[in-house]
>>> print(open('run_33.cif').read())   # mmCIF, C-alpha atoms and all ligand atoms
data_work
#
loop_
_atom_site.group_PDB
_atom_site.id
_atom_site.type_symbol
_atom_site.label_atom_id
_atom_site.label_comp_id
_atom_site.auth_asym_id
_atom_site.auth_seq_id
_atom_site.Cartn_x
_atom_site.Cartn_y
_atom_site.Cartn_z
ATOM 1 C CA MET G 358 4.065 -7.486 12.034
ATOM 2 C CA THR G 359 2.178 -8.226 15.229
ATOM 3 C CA HIS G 360 -0.885 -10.416 15.277
ATOM 4 C CA GLY G 361 -3.164 -7.383 15.840
ATOM 5 C CA ALA G 362 -1.687 -5.423 12.937
ATOM 6 C CA ARG G 363 -2.064 -8.467 10.682
ATOM 7 C CA MET G 364 -5.725 -8.842 11.626
ATOM 8 C CA VAL G 365 -6.505 -5.141 11.117
ATOM 9 C CA THR G 366 -4.798 -5.174 7.700
ATOM 10 C CA MET G 367 -6.820 -8.236 6.749
ATOM 11 C CA PHE G 368 -10.057 -6.581 7.908
ATOM 12 C CA LEU G 369 -9.248 -3.488 5.850
ATOM 13 C CA ILE G 370 -8.573 -5.536 2.704
ATOM 14 C CA ILE G 371 -11.785 -7.558 3.168
ATOM 15 C CA SER G 372 -13.764 -4.339 3.716
ATOM 16 C CA VAL G 373 -12.370 -2.705 0.584
ATOM 17 C CA VAL G 374 -13.367 -5.787 -1.424
ATOM 18 C CA ILE G 375 -16.858 -5.722 0.155
ATOM 19 C CA GLY G 376 -17.127 -1.981 -0.591
ATOM 20 C CA ILE G 377 -16.147 -2.391 -4.252
ATOM 21 C CA ALA G 378 -18.549 -5.321 -4.662
ATOM 22 C CA ALA G 379 -21.361 -3.310 -2.999
ATOM 23 C CA THR G 380 -20.690 -0.353 -5.310
ATOM 24 C CA PHE G 381 -21.017 -2.535 -8.408
ATOM 25 C CA ILE G 382 -24.162 -4.256 -7.131
ATOM 26 C CA LEU G 383 -25.786 -0.909 -6.182
ATOM 27 C CA TYR G 384 -24.766 0.616 -9.516
ATOM 28 C CA HIS G 385 -26.492 -2.277 -11.267
ATOM 29 C CA LEU G 386 -29.615 -2.117 -9.056
ATOM 30 C CA PHE G 387 -29.944 1.665 -9.481
ATOM 31 C CA GLY G 388 -29.739 1.129 -13.236
ATOM 32 C CA ILE G 389 -32.771 -1.156 -12.986
ATOM 33 C CA PHE G 390 -34.903 0.851 -10.560
ATOM 34 C CA PHE G 391 -34.195 4.504 -11.465
ATOM 35 C CA GLY G 392 -35.070 5.332 -15.039
ATOM 36 C CA GLY G 393 -34.413 8.628 -16.775
ATOM 37 C CA ASP G 394 -32.574 11.788 -15.827
ATOM 38 C CA PRO G 395 -31.809 13.188 -13.354
ATOM 39 C CA GLY G 396 -32.734 10.262 -11.070
ATOM 40 C CA GLN G 397 -30.357 7.983 -12.949
ATOM 41 C CA GLN G 398 -27.434 10.383 -12.580
ATOM 42 C CA VAL G 399 -28.037 10.899 -8.861
ATOM 43 C CA ALA G 400 -28.323 7.148 -8.321
ATOM 44 C CA VAL G 401 -25.093 6.509 -10.223
ATOM 45 C CA PHE G 402 -23.253 9.066 -8.099
ATOM 46 C CA ALA G 403 -24.786 7.625 -4.931
ATOM 47 C CA ALA G 404 -23.457 4.082 -5.564
ATOM 48 C CA PRO G 405 -19.778 4.757 -4.670
ATOM 49 C CA PHE G 406 -20.807 6.801 -1.603
ATOM 50 C CA MET G 407 -23.003 3.981 -0.354
ATOM 51 C CA GLY G 408 -20.285 1.438 -1.200
ATOM 52 C CA THR G 409 -17.816 3.445 0.912
ATOM 53 C CA GLY G 410 -20.330 3.510 3.764
ATOM 54 C CA ILE G 411 -20.819 -0.248 3.569
ATOM 55 C CA ALA G 412 -17.012 -0.786 3.607
ATOM 56 C CA CYS G 413 -16.680 1.427 6.710
ATOM 57 C CA GLY G 414 -19.517 -0.482 8.350
ATOM 58 C CA ALA G 415 -17.866 -3.820 7.531
ATOM 59 C CA VAL G 416 -14.504 -2.883 9.020
ATOM 60 C CA THR G 417 -16.221 -1.514 12.152
ATOM 61 C CA LEU G 418 -18.235 -4.705 12.647
ATOM 62 C CA MET G 419 -15.173 -6.906 12.172
ATOM 63 C CA LEU G 420 -13.143 -4.859 14.671
ATOM 64 C CA LEU G 421 -16.034 -5.034 17.145
ATOM 65 C CA TYR G 422 -16.809 -8.713 16.870
ATOM 66 C CA TYR G 423 -13.371 -10.236 16.339
ATOM 67 C CA PRO G 424 -12.338 -9.903 20.021
ATOM 68 C CA VAL G 425 -15.731 -11.188 21.153
ATOM 69 C CA VAL G 426 -15.652 -14.227 18.893
ATOM 70 C CA LYS G 427 -11.979 -14.900 19.721
ATOM 71 C CA LYS G 428 -12.737 -14.948 23.457
ATOM 72 C CA GLY G 429 -15.263 -17.697 23.112
ATOM 73 C CA GLY G 430 -18.158 -15.685 21.840
ATOM 74 C CA SER G 431 -20.980 -17.398 23.649
ATOM 75 C CA ARG G 432 -20.404 -15.510 26.882
ATOM 76 C CA SER G 433 -20.866 -12.039 25.415
ATOM 77 C CA LEU G 434 -23.245 -12.831 22.629
ATOM 78 C CA THR G 435 -26.008 -14.730 24.410
ATOM 79 C CA TRP G 436 -28.729 -13.124 26.471
ATOM 80 C CA GLY G 437 -28.487 -15.639 29.329
ATOM 81 C CA GLY G 438 -27.988 -13.935 32.664
ATOM 82 C CA PHE G 439 -28.468 -10.597 30.999
ATOM 83 C CA GLN G 440 -28.883 -7.710 33.410
ATOM 84 C CA MET G 441 -29.709 -4.179 32.581
ATOM 85 C CA ASN G 442 -27.394 -1.858 34.461
ATOM 86 C CA ASP G 443 -27.667 1.929 34.774
ATOM 87 C CA LYS G 444 -25.237 2.597 31.945
ATOM 88 C CA LEU G 445 -27.237 0.458 29.573
ATOM 89 C CA LYS G 446 -30.483 2.081 30.678
ATOM 90 C CA LYS G 447 -29.087 5.546 29.921
ATOM 91 C CA GLU G 448 -27.767 4.375 26.582
ATOM 92 C CA LEU G 449 -31.137 2.886 25.676
ATOM 93 C CA MET G 450 -32.894 6.072 26.724
ATOM 94 C CA TRP G 451 -30.696 8.126 24.402
ATOM 95 C CA ALA G 452 -31.219 5.691 21.562
ATOM 96 C CA ILE G 453 -35.009 5.827 22.015
ATOM 97 C CA ALA G 454 -34.923 9.653 22.201
ATOM 98 C CA VAL G 455 -33.030 9.802 18.903
ATOM 99 C CA VAL G 456 -35.462 7.379 17.259
ATOM 100 C CA VAL G 457 -38.452 9.425 18.494
ATOM 101 C CA VAL G 458 -36.954 12.672 17.122
ATOM 102 C CA LEU G 459 -36.094 11.091 13.757
ATOM 103 C CA VAL G 460 -39.458 9.360 13.327
ATOM 104 C CA GLY G 461 -41.228 12.569 14.409
ATOM 105 C CA SER G 462 -39.419 14.787 11.901
ATOM 106 C CA ALA G 463 -39.815 12.186 9.158
ATOM 107 C CA THR G 464 -43.574 12.108 9.819
ATOM 108 C CA VAL G 465 -43.834 15.909 9.712
ATOM 109 C CA ASN G 466 -41.889 15.969 6.443
ATOM 110 C CA TYR G 467 -43.971 13.213 4.930
ATOM 111 C CA VAL G 468 -47.271 14.877 5.834
ATOM 112 C CA TYR G 469 -45.992 18.204 4.472
ATOM 113 C CA VAL G 470 -44.822 16.755 1.169
ATOM 114 C CA VAL G 471 -47.883 14.576 0.626
ATOM 115 C CA GLY G 472 -50.251 17.389 1.669
ATOM 116 C CA HIS G 473 -48.793 19.835 -0.822
ATOM 117 C CA GLU G 474 -49.941 20.131 -4.355
ATOM 118 C CA TYR G 475 -47.650 21.464 -7.029
ATOM 119 C CA ASP G 476 -48.024 22.196 -10.713
ATOM 120 C CA ILE G 477 -51.597 23.331 -10.235
ATOM 121 C CA ALA G 478 -51.257 25.631 -13.223
ATOM 122 C CA ARG G 479 -51.345 24.533 -16.819
ATOM 123 C CA PRO G 480 -48.242 25.974 -18.482
ATOM 124 C CA ALA G 481 -48.756 27.962 -21.680
ATOM 125 C CA ASN G 482 -47.122 26.830 -24.901
ATOM 126 C CA SER G 483 -46.229 30.248 -26.265
ATOM 127 C CA PRO G 484 -44.650 33.175 -24.396
ATOM 128 C CA ILE G 485 -47.773 35.363 -24.646
ATOM 129 C CA PRO G 486 -50.817 33.332 -25.747
ATOM 130 C CA PRO G 487 -53.288 35.449 -27.769
ATOM 131 C CA ASN G 488 -56.158 34.846 -25.320
ATOM 132 C CA SER G 489 -54.200 35.707 -22.204
ATOM 133 C CA THR G 490 -54.712 38.635 -19.852
ATOM 134 C CA VAL G 491 -51.491 40.550 -19.383
ATOM 135 C CA ILE G 492 -50.701 41.690 -15.858
ATOM 136 C CA GLN G 493 -47.747 43.924 -15.228
ATOM 137 C CA VAL G 494 -45.683 42.974 -12.223
ATOM 138 C CA ILE G 495 -43.245 45.436 -10.744
ATOM 139 C CA GLY G 496 -40.826 44.237 -8.141
ATOM 140 C CA GLY G 497 -39.139 46.687 -5.881
ATOM 141 C CA ALA G 498 -40.058 49.873 -4.027
ATOM 142 C CA GLN G 499 -37.977 48.120 -1.407
ATOM 143 C CA TRP G 500 -39.707 45.822 -0.731
ATOM 144 C CA SER G 501 -42.960 44.773 -2.347
ATOM 145 C CA TRP G 502 -44.616 43.390 -5.464
ATOM 146 C CA THR G 503 -47.004 45.661 -7.365
ATOM 147 C CA PHE G 504 -49.498 44.079 -9.781
ATOM 148 C CA VAL G 505 -51.132 46.245 -12.451
ATOM 149 C CA TYR G 506 -54.272 44.747 -14.033
ATOM 150 C CA PRO G 507 -55.328 45.598 -17.612
ATOM 151 C CA ASN G 508 -57.927 48.151 -16.365
ATOM 152 C CA GLY G 509 -55.237 50.055 -14.497
ATOM 153 C CA THR G 510 -56.122 48.774 -11.024
ATOM 154 C CA LYS G 511 -53.107 48.200 -8.834
ATOM 155 C CA SER G 512 -52.637 45.852 -5.924
ATOM 156 C CA VAL G 513 -49.644 45.411 -3.664
ATOM 157 C CA ASP G 514 -48.471 42.001 -2.439
ATOM 158 C CA ALA G 515 -51.766 40.421 -3.498
ATOM 159 C CA LEU G 516 -52.795 38.943 -6.826
ATOM 160 C CA THR G 517 -56.254 37.718 -7.786
ATOM 161 C CA LEU G 518 -56.740 35.555 -10.858
ATOM 162 C CA GLN G 519 -59.663 33.728 -12.396
ATOM 163 C CA VAL G 520 -59.554 29.956 -12.609
ATOM 164 C CA ASN G 521 -59.162 28.360 -16.056
ATOM 165 C CA HIS G 522 -58.077 31.575 -17.658
ATOM 166 C CA THR G 523 -54.663 32.191 -19.156
ATOM 167 C CA TYR G 524 -52.539 34.976 -17.725
ATOM 168 C CA THR G 525 -49.248 36.481 -18.753
ATOM 169 C CA LEU G 526 -47.179 38.123 -16.066
ATOM 170 C CA MET G 527 -44.905 40.792 -17.503
ATOM 171 C CA VAL G 528 -42.316 41.146 -14.794
ATOM 172 C CA SER G 529 -39.803 43.908 -14.269
ATOM 173 C CA SER G 530 -38.213 45.779 -11.393
ATOM 174 C CA GLN G 531 -37.864 49.400 -10.423
ATOM 175 C CA ASP G 532 -34.769 49.010 -8.298
ATOM 176 C CA VAL G 533 -32.654 45.861 -8.025
ATOM 177 C CA ILE G 534 -33.031 42.290 -9.297
ATOM 178 C CA HIS G 535 -35.818 40.284 -7.673
ATOM 179 C CA ASP G 536 -37.198 36.852 -8.432
ATOM 180 C CA LEU G 537 -40.899 36.035 -8.283
ATOM 181 C CA LEU G 538 -41.707 32.475 -7.234
ATOM 182 C CA ILE G 539 -45.206 31.002 -7.099
ATOM 183 C CA PRO G 540 -44.242 27.447 -6.118
ATOM 184 C CA GLN G 541 -47.638 25.819 -6.395
ATOM 185 C CA MET G 542 -48.094 27.175 -9.918
ATOM 186 C CA GLY G 543 -44.641 26.092 -11.023
ATOM 187 C CA VAL G 544 -43.906 29.737 -11.878
ATOM 188 C CA GLN G 545 -40.611 31.508 -11.307
ATOM 189 C CA VAL G 546 -39.442 34.587 -13.150
ATOM 190 C CA TYR G 547 -36.689 37.141 -12.627
ATOM 191 C CA ALA G 548 -37.574 40.793 -12.155
ATOM 192 C CA VAL G 549 -34.821 42.778 -13.853
ATOM 193 C CA PRO G 550 -34.727 46.613 -13.966
ATOM 194 C CA GLY G 551 -35.459 48.000 -17.448
ATOM 195 C CA HIS G 552 -36.400 44.614 -18.864
ATOM 196 C CA ASN G 553 -39.670 42.711 -19.185
ATOM 197 C CA ASN G 554 -39.660 38.979 -18.523
ATOM 198 C CA THR G 555 -42.884 37.175 -19.315
ATOM 199 C CA VAL G 556 -44.361 33.980 -17.993
ATOM 200 C CA SER G 557 -47.773 32.604 -18.949
ATOM 201 C CA PHE G 558 -49.861 30.063 -17.119
ATOM 202 C CA GLU G 559 -53.421 29.040 -16.433
ATOM 203 C CA PRO G 560 -54.501 28.401 -12.827
ATOM 204 C CA THR G 561 -56.646 25.273 -12.831
ATOM 205 C CA LYS G 562 -57.795 25.158 -9.227
ATOM 206 C CA VAL G 563 -59.566 27.635 -6.975
ATOM 207 C CA GLY G 564 -57.646 28.388 -3.803
ATOM 208 C CA THR G 565 -55.157 30.577 -1.998
ATOM 209 C CA TYR G 566 -51.487 30.192 -2.792
ATOM 210 C CA TYR G 567 -48.417 32.152 -1.813
ATOM 211 C CA PHE G 568 -45.699 33.896 -3.766
ATOM 212 C CA GLU G 569 -42.400 35.340 -2.641
ATOM 213 C CA CYS G 570 -39.160 36.904 -3.766
ATOM 214 C CA VAL G 571 -36.397 34.303 -3.898
ATOM 215 C CA GLU G 572 -33.496 36.510 -4.952
ATOM 216 C CA TYR G 573 -31.900 38.180 -1.973
ATOM 217 C CA CYS G 574 -32.494 41.843 -2.775
ATOM 218 C CA GLY G 575 -30.915 43.610 0.151
ATOM 219 C CA GLY G 576 -31.901 45.135 3.409
ATOM 220 C CA GLU G 577 -33.661 43.396 6.226
ATOM 221 C CA ASP G 578 -36.961 43.336 4.365
ATOM 222 C CA HIS G 579 -36.314 41.021 1.424
ATOM 223 C CA TYR G 580 -38.418 38.458 3.246
ATOM 224 C CA LEU G 581 -41.380 40.880 3.208
ATOM 225 C CA MET G 582 -41.646 40.605 -0.586
ATOM 226 C CA ARG G 583 -44.331 37.998 -0.376
ATOM 227 C CA GLY G 584 -48.085 37.729 -0.569
ATOM 228 C CA PHE G 585 -51.020 35.599 -1.571
ATOM 229 C CA LEU G 586 -52.336 34.622 -4.949
ATOM 230 C CA THR G 587 -56.083 34.052 -4.819
ATOM 231 C CA VAL G 588 -57.592 32.010 -7.603
ATOM 232 C CA VAL G 589 -61.339 32.608 -7.846
ATOM 233 C CA SER G 590 -64.044 30.970 -9.945
HETATM 234 CU CU CU G 601 -36.796 40.979 -3.793
#
>>> encode(input="run_33.cif", output="C-alpha cells")
Amino acid sequence: MTHGARMVTMFLIISVVIGIAATFILYHLFGIFFGGDPGQQVAVFAAPFMGTGIACGAVTLMLLYYPVVKKGGSRSLTWGGFQMNDKLKKELMWAIAVVVVLVGSATVNYVYVVGHEYDIARPANSPIPPNSTVIQVIGGAQWSWTFVYPNGTKSVDALTLQVNHTYTLMVSSQDVIHDLLIPQMGVQVYAVPGHNNTVSFEPTKVGTYYFECVEYCGGEDHYLMRGFLTVVS
C-alpha cells in the first residue's frame, strides 16, 4: 500500500467514526428538542442522513487540508501577501450571487409563510351540526364548482358565507372525481359522483379566501376549478 492510499483509507475510517458519532449525538438532540409526532419521526429519520453528510464533509476537509498542512501549512493558510487574482474575483462573484439568490428566496418564503393565516375556521364536532346551514356543492360540468344555497340560489366558482355561523358543505360531483380544498379554512373534501361527502366548519374571520380543485380531473382546465370564498359579517 502506498503512502497516499494509506492516508486516504485512514481518512475514510476516521470519517465513518465521526459520521456514526454525529448520528448518535443528533439522534439524542432531536429526541430532546422535537416532541411528539410527526416531528419526532422526521427528526429520527433525519439523523442518519445528517450523519452521512457530516462524514462526507469530514473526509473532504481532510483530503483538502492534508496536503496543505504536510507542505508546511503556514504558506497557504495565512493571509500574508494575499492577492486577489481574476480567478478568485470570479469565484467570489459567483459565491455572492448564490448567497443573494438563496437569501432572497428564503426571505420571500418566510414572508409568505408568516403572512399566511391557516385554520381560520372552527371545525365542527359532528358531521352535520343541528344548527348548521347546508350548502350543496357540485363539482364538475368540466370544470367548475356550483354552490346551491338552502333557498335554491346557485353560484358558480364563488361562495359567500356568514362569519361565526356553522355551515355544512354536502359535496358531490356530476362527472369525475374532484377534490375541494379551502386551505385557509383547513377544509378538504372529495367530490365523488353519486355520493355525498360532508364537511362542517364555522368561519371565524371576515375576509376573502380561495378554494380550488386539488384532484387532477382531466383536460386542460382542471386549474380553472377555483374561486373565492367571501366571509361576510
Ligand atoms: Cu376538478
>>> residues_around(input="run_33.cif", residues="region 534-540 of chain G", least_positions_apart="4", cutoff="6 Å", atoms="all atoms listed in the file", output="JSON, numbers by chain")
{"G": [544, 545, 546, 547, 548, 549, 568, 569, 570, 571, 572]}
>>> resolve_selection(input="run_33.cif", expression="the PyMOL selection byres (((chain G and resi 532) around 10) and not hetatm)", output="PDB file with C-alpha atoms, in the frame of the given file")
ATOM      1  CA  ILE G 495     -43.245  45.436 -10.744  1.00  0.00           C
ATOM      2  CA  GLY G 496     -40.826  44.237  -8.141  1.00  0.00           C
ATOM      3  CA  GLY G 497     -39.139  46.687  -5.881  1.00  0.00           C
ATOM      4  CA  ALA G 498     -40.058  49.873  -4.027  1.00  0.00           C
ATOM      5  CA  GLN G 499     -37.977  48.120  -1.407  1.00  0.00           C
ATOM      6  CA  TRP G 500     -39.707  45.822  -0.731  1.00  0.00           C
ATOM      7  CA  SER G 529     -39.803  43.908 -14.269  1.00  0.00           C
ATOM      8  CA  SER G 530     -38.213  45.779 -11.393  1.00  0.00           C
ATOM      9  CA  GLN G 531     -37.864  49.400 -10.423  1.00  0.00           C
ATOM     10  CA  VAL G 533     -32.654  45.861  -8.025  1.00  0.00           C
ATOM     11  CA  ILE G 534     -33.031  42.290  -9.297  1.00  0.00           C
ATOM     12  CA  HIS G 535     -35.818  40.284  -7.673  1.00  0.00           C
ATOM     13  CA  ALA G 548     -37.574  40.793 -12.155  1.00  0.00           C
ATOM     14  CA  VAL G 549     -34.821  42.778 -13.853  1.00  0.00           C
ATOM     15  CA  PRO G 550     -34.727  46.613 -13.966  1.00  0.00           C
ATOM     16  CA  GLY G 551     -35.459  48.000 -17.448  1.00  0.00           C
ATOM     17  CA  CYS G 574     -32.494  41.843  -2.775  1.00  0.00           C
TER      18      CYS G 574
END
>>> closest_residue(input="run_33.cif", among="G:Gln397, G:Gln519, G:Asn553, G:Thr409", to="Gly376 (chain G)", atoms="all atoms listed in the file")
G:Thr409
>>> atom_distance(input="run_33.cif", atom1="CA of Leu383 (chain G)", atom2="CA of Gly408 (chain G)")
7.8 Å
>>> resolve_selection(input="run_33.cif", expression="the PyMOL selection byres (((chain G and resi 526) around 12) and not hetatm)", output="VMD selection string")
chain G and resid 481 484 to 486 489 to 496 503 to 507 516 518 523 to 525 527 to 529 537 to 539 544 to 548 553 to 559
>>> atom_distance(input="run_33.cif", atom1="CA of Ile375 (chain G)", atom2="CA of Ile389 (chain G)")
21.1 Å
>>> atom_distance(input="run_33.cif", atom1="CA of Ser501 (chain G)", atom2="CA of Asp578 (chain G)")
9.1 Å
>>> residues_near_point(input="run_33.cif", point="(-46.5, 26.3, -10.6)", cutoff="7 Å", atoms="all atoms listed in the file", output="number ranges by chain")
G: 475-478, 539-544
